[in-house]
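Engineer: Sharing run_20.pdb, PDB, C-alpha atoms, pLDDT in the B column:
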ATOM      1  CA  ALA Q   1      25.847  50.666 186.689  1.00 72.00           C
ATOM      2  CA  GLN Q   2      26.777  50.090 183.109  1.00 78.00           C
ATOM      3  CA  SER Q   3      29.889  48.284 181.993  1.00 87.00           C
ATOM      4  CA  VAL Q   4      31.398  46.994 178.778  1.00 92.00           C
ATOM      5  CA  THR Q   5      33.606  43.934 178.333  1.00 95.00           C
ATOM      6  CA  GLN Q   6      35.635  43.366 175.214  1.00 95.00           C
ATOM      7  CA  LEU Q   7      36.670  39.772 175.493  1.00 90.00           C
ATOM      8  CA  ASP Q   8      39.729  39.867 173.254  1.00 94.00           C
ATOM      9  CA  SER Q   9      42.528  42.367 173.672  1.00 94.00           C
ATOM     10  CA  GLN Q  10      44.124  41.334 170.370  1.00 96.00           C
ATOM     11  CA  VAL Q  11      42.769  39.576 167.300  1.00 97.00           C
ATOM     12  CA  PRO Q  12      45.234  38.531 164.581  1.00 97.00           C
ATOM     13  CA  VAL Q  13      43.735  37.567 161.233  1.00 97.00           C
ATOM     14  CA  PHE Q  14      44.861  37.088 157.647  1.00 97.00           C
ATOM     15  CA  GLU Q  15      43.702  39.390 154.900  1.00 97.00           C
ATOM     16  CA  GLU Q  16      40.365  38.402 153.279  1.00 97.00           C
ATOM     17  CA  ALA Q  17      39.394  36.243 156.259  1.00 98.00           C
ATOM     18  CA  PRO Q  18      36.251  36.969 158.275  1.00 98.00           C
ATOM     19  CA  VAL Q  19      36.537  38.521 161.702  1.00 98.00           C
ATOM     20  CA  GLU Q  20      34.359  38.934 164.781  1.00 97.00           C
ATOM     21  CA  LEU Q  21      35.216  41.280 167.639  1.00 98.00           C
ATOM     22  CA  ARG Q  22      33.248  40.475 170.740  1.00 97.00           C
ATOM     23  CA  CYS Q  23      31.533  42.916 173.071  1.00 96.00           C
ATOM     24  CA  ASN Q  24      29.291  42.251 176.049  1.00 95.00           C
ATOM     25  CA  TYR Q  25      27.631  44.880 178.166  1.00 93.00           C
ATOM     26  CA  SER Q  26      25.726  45.078 181.398  1.00 88.00           C
ATOM     27  CA  SER Q  27      23.015  47.582 182.123  1.00 78.00           C
ATOM     28  CA  SER Q  28      19.780  47.664 184.041  1.00 70.00           C
ATOM     29  CA  VAL Q  29      18.075  49.962 181.541  1.00 74.00           C
ATOM     30  CA  SER Q  30      17.686  50.263 177.805  1.00 75.00           C
ATOM     31  CA  VAL Q  31      20.952  51.124 176.146  1.00 83.00           C
ATOM     32  CA  TYR Q  32      22.480  52.596 173.074  1.00 88.00           C
ATOM     33  CA  LEU Q  33      25.511  50.755 171.720  1.00 91.00           C
ATOM     34  CA  PHE Q  34      28.412  51.979 169.635  1.00 93.00           C
ATOM     35  CA  TRP Q  35      31.546  50.741 167.931  1.00 96.00           C
ATOM     36  CA  TYR Q  36      34.405  53.147 167.354  1.00 95.00           C
ATOM     37  CA  VAL Q  37      37.624  52.587 165.411  1.00 95.00           C
ATOM     38  CA  GLN Q  38      40.987  54.186 166.141  1.00 93.00           C
ATOM     39  CA  TYR Q  39      43.578  54.058 163.384  1.00 92.00           C
ATOM     40  CA  PRO Q  40      47.218  54.560 164.401  1.00 87.00           C
ATOM     41  CA  ASN Q  41      47.918  58.097 165.615  1.00 83.00           C
ATOM     42  CA  GLN Q  42      44.355  59.210 165.042  1.00 85.00           C
ATOM     43  CA  GLY Q  43      41.259  59.960 167.073  1.00 87.00           C
ATOM     44  CA  LEU Q  44      38.234  57.723 167.352  1.00 91.00           C
ATOM     45  CA  GLN Q  45      35.787  57.437 164.480  1.00 91.00           C
ATOM     46  CA  LEU Q  46      32.242  56.149 164.777  1.00 91.00           C
ATOM     47  CA  LEU Q  47      31.806  52.858 162.902  1.00 94.00           C
ATOM     48  CA  LEU Q  48      28.171  52.173 163.722  1.00 93.00           C
ATOM     49  CA  LYS Q  49      25.565  52.494 166.426  1.00 91.00           C
ATOM     50  CA  TYR Q  50      22.447  50.744 167.658  1.00 91.00           C
ATOM     51  CA  LEU Q  51      19.673  52.937 168.995  1.00 86.00           C
ATOM     52  CA  SER Q  52      16.527  50.871 168.394  1.00 83.00           C
ATOM     53  CA  GLY Q  53      14.764  48.856 165.717  1.00 84.00           C
ATOM     54  CA  SER Q  54      16.532  46.248 163.617  1.00 87.00           C
ATOM     55  CA  THR Q  55      19.086  44.323 165.610  1.00 89.00           C
ATOM     56  CA  LEU Q  56      21.482  44.094 162.670  1.00 95.00           C
ATOM     57  CA  VAL Q  57      23.282  47.371 162.179  1.00 94.00           C
ATOM     58  CA  LYS Q  58      25.443  48.187 159.184  1.00 95.00           C
ATOM     59  CA  GLY Q  59      28.282  50.651 159.449  1.00 93.00           C
ATOM     60  CA  ILE Q  60      31.081  52.094 157.406  1.00 92.00           C
ATOM     61  CA  ASN Q  61      33.871  50.140 155.706  1.00 92.00           C
ATOM     62  CA  GLY Q  62      31.766  46.961 155.413  1.00 95.00           C
ATOM     63  CA  PHE Q  63      31.397  46.364 159.149  1.00 97.00           C
ATOM     64  CA  GLU Q  64      28.187  45.268 160.806  1.00 97.00           C
ATOM     65  CA  ALA Q  65      27.103  44.421 164.325  1.00 97.00           C
ATOM     66  CA  GLU Q  66      24.230  42.497 165.840  1.00 95.00           C
ATOM     67  CA  PHE Q  67      22.467  43.533 169.013  1.00 93.00           C
ATOM     68  CA  ASN Q  68      21.461  40.534 171.106  1.00 92.00           C
ATOM     69  CA  LYS Q  69      19.450  41.593 174.113  1.00 89.00           C
ATOM     70  CA  SER Q  70      19.152  38.146 175.680  1.00 90.00           C
ATOM     71  CA  GLN Q  71      22.917  37.639 175.568  1.00 91.00           C
ATOM     72  CA  THR Q  72      23.672  41.325 176.218  1.00 92.00           C
ATOM     73  CA  SER Q  73      26.091  41.321 173.334  1.00 94.00           C
ATOM     74  CA  PHE Q  74      26.948  43.599 170.441  1.00 96.00           C
ATOM     75  CA  HIS Q  75      29.582  41.756 168.404  1.00 97.00           C
ATOM     76  CA  LEU Q  76      31.240  43.440 165.436  1.00 98.00           C
ATOM     77  CA  ARG Q  77      31.769  41.472 162.212  1.00 98.00           C
ATOM     78  CA  LYS Q  78      33.277  41.826 158.796  1.00 98.00           C
ATOM     79  CA  PRO Q  79      33.145  39.029 156.201  1.00 97.00           C
ATOM     80  CA  SER Q  80      36.501  39.856 154.579  1.00 97.00           C
ATOM     81  CA  VAL Q  81      39.109  42.119 156.172  1.00 97.00           C
ATOM     82  CA  HIS Q  82      41.750  44.245 154.490  1.00 97.00           C
ATOM     83  CA  ILE Q  83      45.175  45.331 155.641  1.00 96.00           C
ATOM     84  CA  SER Q  84      43.716  48.811 156.093  1.00 96.00           C
ATOM     85  CA  ASP Q  85      41.357  47.507 158.800  1.00 97.00           C
ATOM     86  CA  THR Q  86      44.314  47.161 161.160  1.00 97.00           C
ATOM     87  CA  ALA Q  87      43.326  49.388 164.072  1.00 96.00           C
ATOM     88  CA  GLU Q  88      41.995  49.389 167.604  1.00 95.00           C
ATOM     89  CA  TYR Q  89      38.261  48.941 168.016  1.00 97.00           C
ATOM     90  CA  PHE Q  90      36.248  50.144 170.985  1.00 95.00           C
ATOM     91  CA  CYS Q  91      32.779  49.097 172.019  1.00 95.00           C
ATOM     92  CA  ALA Q  92      30.802  51.651 174.055  1.00 93.00           C
ATOM     93  CA  VAL Q  93      27.444  51.822 175.818  1.00 90.00           C
ATOM     94  CA  SER Q  94      25.228  54.697 176.849  1.00 85.00           C
ATOM     95  CA  ASP Q  95      21.789  55.034 178.374  1.00 75.00           C
ATOM     96  CA  ASN Q  96      19.569  58.096 178.428  1.00 69.00           C
ATOM     97  CA  THR Q  97      22.136  60.034 180.390  1.00 70.00           C
ATOM     98  CA  ASP Q  98      25.188  61.648 178.892  1.00 68.00           C
ATOM     99  CA  LYS Q  99      27.613  59.040 180.060  1.00 75.00           C
ATOM    100  CA  LEU Q 100      29.391  56.931 177.439  1.00 84.00           C
ATOM    101  CA  ILE Q 101      31.242  53.935 178.864  1.00 88.00           C
ATOM    102  CA  PHE Q 102      34.010  52.414 176.755  1.00 92.00           C
ATOM    103  CA  GLY Q 103      35.442  48.926 176.750  1.00 93.00           C
ATOM    104  CA  THR Q 104      39.171  48.390 176.987  1.00 93.00           C
ATOM    105  CA  GLY Q 105      39.575  47.947 173.235  1.00 94.00           C
ATOM    106  CA  THR Q 106      40.487  45.167 170.807  1.00 96.00           C
ATOM    107  CA  ARG Q 107      43.521  45.507 168.594  1.00 96.00           C
ATOM    108  CA  LEU Q 108      42.811  43.995 165.177  1.00 97.00           C
ATOM    109  CA  GLN Q 109      45.974  43.062 163.304  1.00 97.00           C
ATOM    110  CA  VAL Q 110      45.495  42.019 159.683  1.00 97.00           C
ATOM    111  CA  PHE Q 111      48.358  40.093 158.078  1.00 97.00           C
ATOM    112  CA  PRO Q 112      48.975  39.716 154.344  1.00 95.00           C
TER     113      PRO Q 112
ATOM    114  CA  GLU U   1      34.922  70.742 157.615  1.00 81.00           C
ATOM    115  CA  ALA U   2      33.157  69.706 160.815  1.00 79.00           C
ATOM    116  CA  GLN U   3      35.781  68.831 163.363  1.00 91.00           C
ATOM    117  CA  VAL U   4      37.129  68.890 166.887  1.00 95.00           C
ATOM    118  CA  THR U   5      40.575  70.471 167.074  1.00 95.00           C
ATOM    119  CA  GLN U   6      42.981  69.792 169.891  1.00 96.00           C
ATOM    120  CA  ASN U   7      46.316  71.422 170.497  1.00 96.00           C
ATOM    121  CA  PRO U   8      49.055  70.517 170.936  1.00 96.00           C
ATOM    122  CA  ARG U   9      49.300  66.996 169.462  1.00 95.00           C
ATOM    123  CA  TYR U  10      52.368  66.180 171.522  1.00 96.00           C
ATOM    124  CA  LEU U  11      53.573  67.716 174.757  1.00 96.00           C
ATOM    125  CA  ILE U  12      56.439  66.893 177.094  1.00 97.00           C
ATOM    126  CA  THR U  13      56.532  68.780 180.364  1.00 96.00           C
ATOM    127  CA  VAL U  14      58.028  68.589 183.826  1.00 96.00           C
ATOM    128  CA  THR U  15      56.284  67.759 187.060  1.00 97.00           C
ATOM    129  CA  GLY U  16      54.469  70.730 188.544  1.00 97.00           C
ATOM    130  CA  LYS U  17      54.513  73.028 185.517  1.00 97.00           C
ATOM    131  CA  LYS U  18      50.981  74.167 184.734  1.00 97.00           C
ATOM    132  CA  LEU U  19      49.707  73.409 181.253  1.00 97.00           C
ATOM    133  CA  THR U  20      46.567  73.788 179.175  1.00 98.00           C
ATOM    134  CA  VAL U  21      45.372  71.586 176.336  1.00 98.00           C
ATOM    135  CA  THR U  22      42.955  73.421 174.093  1.00 98.00           C
ATOM    136  CA  CYS U  23      39.880  71.964 172.413  1.00 98.00           C
ATOM    137  CA  SER U  24      37.622  73.680 169.923  1.00 97.00           C
ATOM    138  CA  GLN U  25      34.668  72.428 167.871  1.00 96.00           C
ATOM    139  CA  ASN U  26      32.990  74.127 164.909  1.00 94.00           C
ATOM    140  CA  MET U  27      29.705  72.187 164.915  1.00 91.00           C
ATOM    141  CA  ASN U  28      27.775  74.228 167.493  1.00 91.00           C
ATOM    142  CA  HIS U  29      27.639  71.160 169.724  1.00 91.00           C
ATOM    143  CA  GLU U  30      26.264  71.580 173.219  1.00 90.00           C
ATOM    144  CA  TYR U  31      27.990  68.644 174.856  1.00 90.00           C
ATOM    145  CA  MET U  32      31.760  68.348 175.204  1.00 93.00           C
ATOM    146  CA  SER U  33      33.922  65.920 177.104  1.00 94.00           C
ATOM    147  CA  TRP U  34      37.522  65.037 177.898  1.00 96.00           C
ATOM    148  CA  TYR U  35      38.797  61.459 178.010  1.00 96.00           C
ATOM    149  CA  ARG U  36      42.135  59.923 178.767  1.00 96.00           C
ATOM    150  CA  GLN U  37      43.245  56.695 177.114  1.00 94.00           C
ATOM    151  CA  ASP U  38      45.637  54.332 178.844  1.00 94.00           C
ATOM    152  CA  PRO U  39      46.747  50.859 177.713  1.00 89.00           C
ATOM    153  CA  GLY U  40      44.453  48.142 179.006  1.00 87.00           C
ATOM    154  CA  LEU U  41      42.023  50.659 180.485  1.00 90.00           C
ATOM    155  CA  GLY U  42      40.280  52.009 177.404  1.00 90.00           C
ATOM    156  CA  LEU U  43      38.946  55.553 177.555  1.00 92.00           C
ATOM    157  CA  ARG U  44      37.921  57.082 180.851  1.00 93.00           C
ATOM    158  CA  GLN U  45      35.989  60.311 181.168  1.00 93.00           C
ATOM    159  CA  ILE U  46      37.703  63.168 183.010  1.00 96.00           C
ATOM    160  CA  TYR U  47      35.182  66.021 182.801  1.00 95.00           C
ATOM    161  CA  TYR U  48      32.212  66.907 180.689  1.00 93.00           C
ATOM    162  CA  SER U  49      30.147  69.979 179.905  1.00 93.00           C
ATOM    163  CA  MET U  50      26.496  70.060 178.917  1.00 88.00           C
ATOM    164  CA  ASN U  51      26.603  73.695 177.844  1.00 89.00           C
ATOM    165  CA  VAL U  52      28.278  77.031 178.506  1.00 93.00           C
ATOM    166  CA  GLU U  53      29.193  77.434 182.186  1.00 93.00           C
ATOM    167  CA  VAL U  54      27.911  73.917 182.985  1.00 92.00           C
ATOM    168  CA  THR U  55      30.623  71.385 183.781  1.00 94.00           C
ATOM    169  CA  ASP U  56      30.786  68.235 185.870  1.00 93.00           C
ATOM    170  CA  LYS U  57      33.228  65.553 186.931  1.00 94.00           C
ATOM    171  CA  GLY U  58      33.618  62.300 185.072  1.00 92.00           C
ATOM    172  CA  ASP U  59      35.237  59.144 186.408  1.00 91.00           C
ATOM    173  CA  VAL U  60      38.818  60.389 186.855  1.00 96.00           C
ATOM    174  CA  PRO U  61      38.727  64.150 187.556  1.00 97.00           C
ATOM    175  CA  GLU U  62      41.519  64.363 190.136  1.00 97.00           C
ATOM    176  CA  GLY U  63      44.320  66.683 189.084  1.00 97.00           C
ATOM    177  CA  TYR U  64      42.363  68.302 186.244  1.00 98.00           C
ATOM    178  CA  LYS U  65      40.276  71.418 185.745  1.00 97.00           C
ATOM    179  CA  VAL U  66      38.099  72.575 182.867  1.00 97.00           C
ATOM    180  CA  SER U  67      36.156  75.651 181.865  1.00 96.00           C
ATOM    181  CA  ARG U  68      33.406  76.359 179.324  1.00 97.00           C
ATOM    182  CA  LYS U  69      33.149  80.087 178.790  1.00 96.00           C
ATOM    183  CA  GLU U  70      32.185  79.763 175.127  1.00 96.00           C
ATOM    184  CA  LYS U  71      30.223  77.049 173.401  1.00 95.00           C
ATOM    185  CA  ARG U  72      33.017  76.102 171.007  1.00 96.00           C
ATOM    186  CA  ASN U  73      35.933  75.859 173.479  1.00 97.00           C
ATOM    187  CA  PHE U  74      36.578  73.411 176.304  1.00 98.00           C
ATOM    188  CA  PRO U  75      40.178  73.608 177.565  1.00 98.00           C
ATOM    189  CA  LEU U  76      41.702  71.027 179.900  1.00 98.00           C
ATOM    190  CA  ILE U  77      43.966  72.455 182.589  1.00 98.00           C
ATOM    191  CA  LEU U  78      46.566  70.582 184.601  1.00 97.00           C
ATOM    192  CA  GLU U  79      47.547  72.914 187.441  1.00 95.00           C
ATOM    193  CA  SER U  80      50.396  70.749 188.722  1.00 97.00           C
ATOM    194  CA  PRO U  81      51.012  67.801 186.382  1.00 97.00           C
ATOM    195  CA  SER U  82      52.411  64.577 187.764  1.00 97.00           C
ATOM    196  CA  PRO U  83      53.909  61.542 185.975  1.00 97.00           C
ATOM    197  CA  ASN U  84      50.700  59.523 186.481  1.00 96.00           C
ATOM    198  CA  GLN U  85      48.975  61.992 184.167  1.00 98.00           C
ATOM    199  CA  THR U  86      51.147  60.825 181.284  1.00 98.00           C
ATOM    200  CA  SER U  87      48.514  59.637 178.850  1.00 97.00           C
ATOM    201  CA  LEU U  88      46.743  60.143 175.536  1.00 96.00           C
ATOM    202  CA  TYR U  89      43.966  62.700 175.868  1.00 97.00           C
ATOM    203  CA  PHE U  90      40.921  63.116 173.664  1.00 96.00           C
ATOM    204  CA  CYS U  91      38.388  65.875 173.469  1.00 96.00           C
ATOM    205  CA  ALA U  92      34.967  64.963 172.077  1.00 94.00           C
ATOM    206  CA  SER U  93      31.703  66.728 171.335  1.00 93.00           C
ATOM    207  CA  ARG U  94      28.184  65.844 170.323  1.00 87.00           C
ATOM    208  CA  LEU U  95      25.116  67.749 169.245  1.00 79.00           C
ATOM    209  CA  GLU U  96      22.888  67.388 172.274  1.00 68.00           C
ATOM    210  CA  THR U  97      22.658  65.688 175.601  1.00 61.00           C
ATOM    211  CA  GLY U  98      21.061  62.258 175.634  1.00 61.00           C
ATOM    212  CA  GLY U  99      22.636  58.882 175.081  1.00 60.00           C
ATOM    213  CA  GLY U 100      21.758  58.250 171.444  1.00 65.00           C
ATOM    214  CA  TYR U 101      24.090  60.744 169.824  1.00 71.00           C
ATOM    215  CA  GLY U 102      27.544  59.692 168.731  1.00 77.00           C
ATOM    216  CA  TYR U 103      30.619  61.693 169.589  1.00 86.00           C
ATOM    217  CA  THR U 104      33.031  63.457 167.275  1.00 89.00           C
ATOM    218  CA  PHE U 105      36.577  63.069 168.593  1.00 92.00           C
ATOM    219  CA  GLY U 106      39.660  65.200 168.229  1.00 94.00           C
ATOM    220  CA  SER U 107      42.935  63.692 167.028  1.00 92.00           C
ATOM    221  CA  GLY U 108      44.357  63.433 170.524  1.00 94.00           C
ATOM    222  CA  THR U 109      47.108  64.977 172.629  1.00 96.00           C
ATOM    223  CA  ARG U 110      49.906  62.748 173.795  1.00 96.00           C
ATOM    224  CA  LEU U 111      51.178  64.144 177.096  1.00 97.00           C
ATOM    225  CA  THR U 112      54.359  63.030 178.816  1.00 97.00           C
ATOM    226  CA  VAL U 113      55.123  64.335 182.315  1.00 97.00           C
ATOM    227  CA  VAL U 114      58.703  63.749 183.481  1.00 96.00           C
TER     228      VAL U 114
END
Let's see the structure in the file written out as structure tokens.
Structural biologist:
Amino acid sequence: AQSVTQLDSQVPVFEEAPVELRCNYSSSVSVYLFWYVQYPNQGLQLLLKYLSGSTLVKGINGFEAEFNKSQTSFHLRKPSVHISDTAEYFCAVSDNTDKLIFGTGTRLQVFP
Amino acid sequence: EAQVTQNPRYLITVTGKKLTVTCSQNMNHEYMSWYRQDPGLGLRQIYYSMNVEVTDKGDVPEGYKVSRKEKRNFPLILESPSPNQTSLYFCASRLETGGGYGYTFGSGTRLTVV
């Protein structure tokens, strides 16, 4: 069975600092990996996804993630965060079925 | 604008009073799903539908019903709500079945059962 672990429930960071949100997954088959962002009082928005090919995936708002098969990780990074990046971020995994499994979320808090 | 529309955004109800949360998408998506979001638990799938008249249980289906009579609509029905169903609910859709497609989410319905 698939599962997703987001190692940090909260990540505080100062504006313009780099940030990494960690995600590890477990699956016995090939997977597709996603990062979603949820701004306050809004639904989830797709940030980026890995389907195949290059292991470095670029998404919206300057975020990127790297798929590491040997470490079963898909960490999300941004070199310089803004106040507006304050949100909750969810990592998710899917295989060739229709099931999308979400992690428990990481709350990114950016301070001025 | 391509979107998933949920109504209502906020709902307070009493235990045992039947309610329906509506969900509609305008993208001709085949696949639709309902999730609930609870603190510390992330999003958990309640029910999903692969097409009209095809629905199946997700991970936490107890206490919920769904129907898919038209492609665009996928209502969530709570026949007899209980306080443990207080949660934030999201409807989502995607173009086709298969794991590589991302979801489009609605804005959410915050339900409180007292």
Engineer: Please determine the contact residues of chain U with respect to chain Q at a cut-off of 12 Å, counting only C-alpha atoms, and supply them as a ChimeraX atom specification.
Structural biologist: /U:3-6,9-10,30-50,56-59,88-110
Engineer: Near His82 of chain Q, within 10 Å and counting all atoms listed in the file, which residues show up once chain neighbours fewer than 2 positions away are dropped, as a PyMOL selection string?
Structural biologist: chain Q and resi 13-18+61+78+80+84-86+109-112
Engineer: Which residues, named as in the file, does the PyMOL selection byres ((chain Q and resi 68) around 12) pick out? Answer as a count of residues only.
Structural biologist: 24
Engineer: In Å to one decimal, how far is atom CA of Thr55 of chain U from atom CA of Lys69 of chain U?
Structural biologist: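 Interatomic distance, atom CA of Lys69 of chain U to atom CA of Thr55 of chain U: 10.3 Å.
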Engineer: Using only C-alpha atoms, which residues sit within 9 Å of Arg107 of chain Q once same-chain residues fewer than 5 positions away are excluded, as a ChimeraX atom specification?
Structural biologist: /Q:8-12,86-90
Engineer: Would you mind reading off the distance between atom CA of Val19 of chain Q and atom CA of Thr5 of chain Q, one decimal, in Å?
Structural biologist: 17.7 Å
Engineer: Written as a list of chain:residue names, what is the full residue list that the PyMOL selection byres ((chain U and resi 68) around 9) yields on the file shown?
Structural biologist: U:Ser49, U:Asn51, U:Val52, U:Glu53, U:Val54, U:Thr55, U:Val66, U:Ser67, U:Lys69, U:Glu70, U:Lys71, U:Arg72, U:Asn73, U:Phe74, U:Pro75
Engineer: Can you give me, as an MDAnalysis selection string, the residues this file yields under the PyMOL selection byres ((chain U and resi 21) around 7)?
Structural biologist: chainID U and resid 7:8 19:20 22:23 75:77
Engineer: Which is closest to Gln6 of chain Q among Q:Leu108, Q:Leu21, Q:Ile83, Q:Val29, if we use only C-alpha atoms?
Structural biologist: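 Closest to Gln6 of chain Q of all the choices is Q:Leu21.
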Engineer: Can you work out the spacing between atom CA of Tyr64 of chain U and atom CA of Pro81 of chain U in Å, to one decimal?
Structural biologist: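 Distance between the two atoms: 8.7 Å.
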Engineer: Using all atoms listed in the file, which residues sit within 6 Å of Leu111 of chain U once same-chain residues fewer than 6 positions away are excluded, as a PyMOL selection string?
Structural biologist: chain U and resi 11-12+86-87
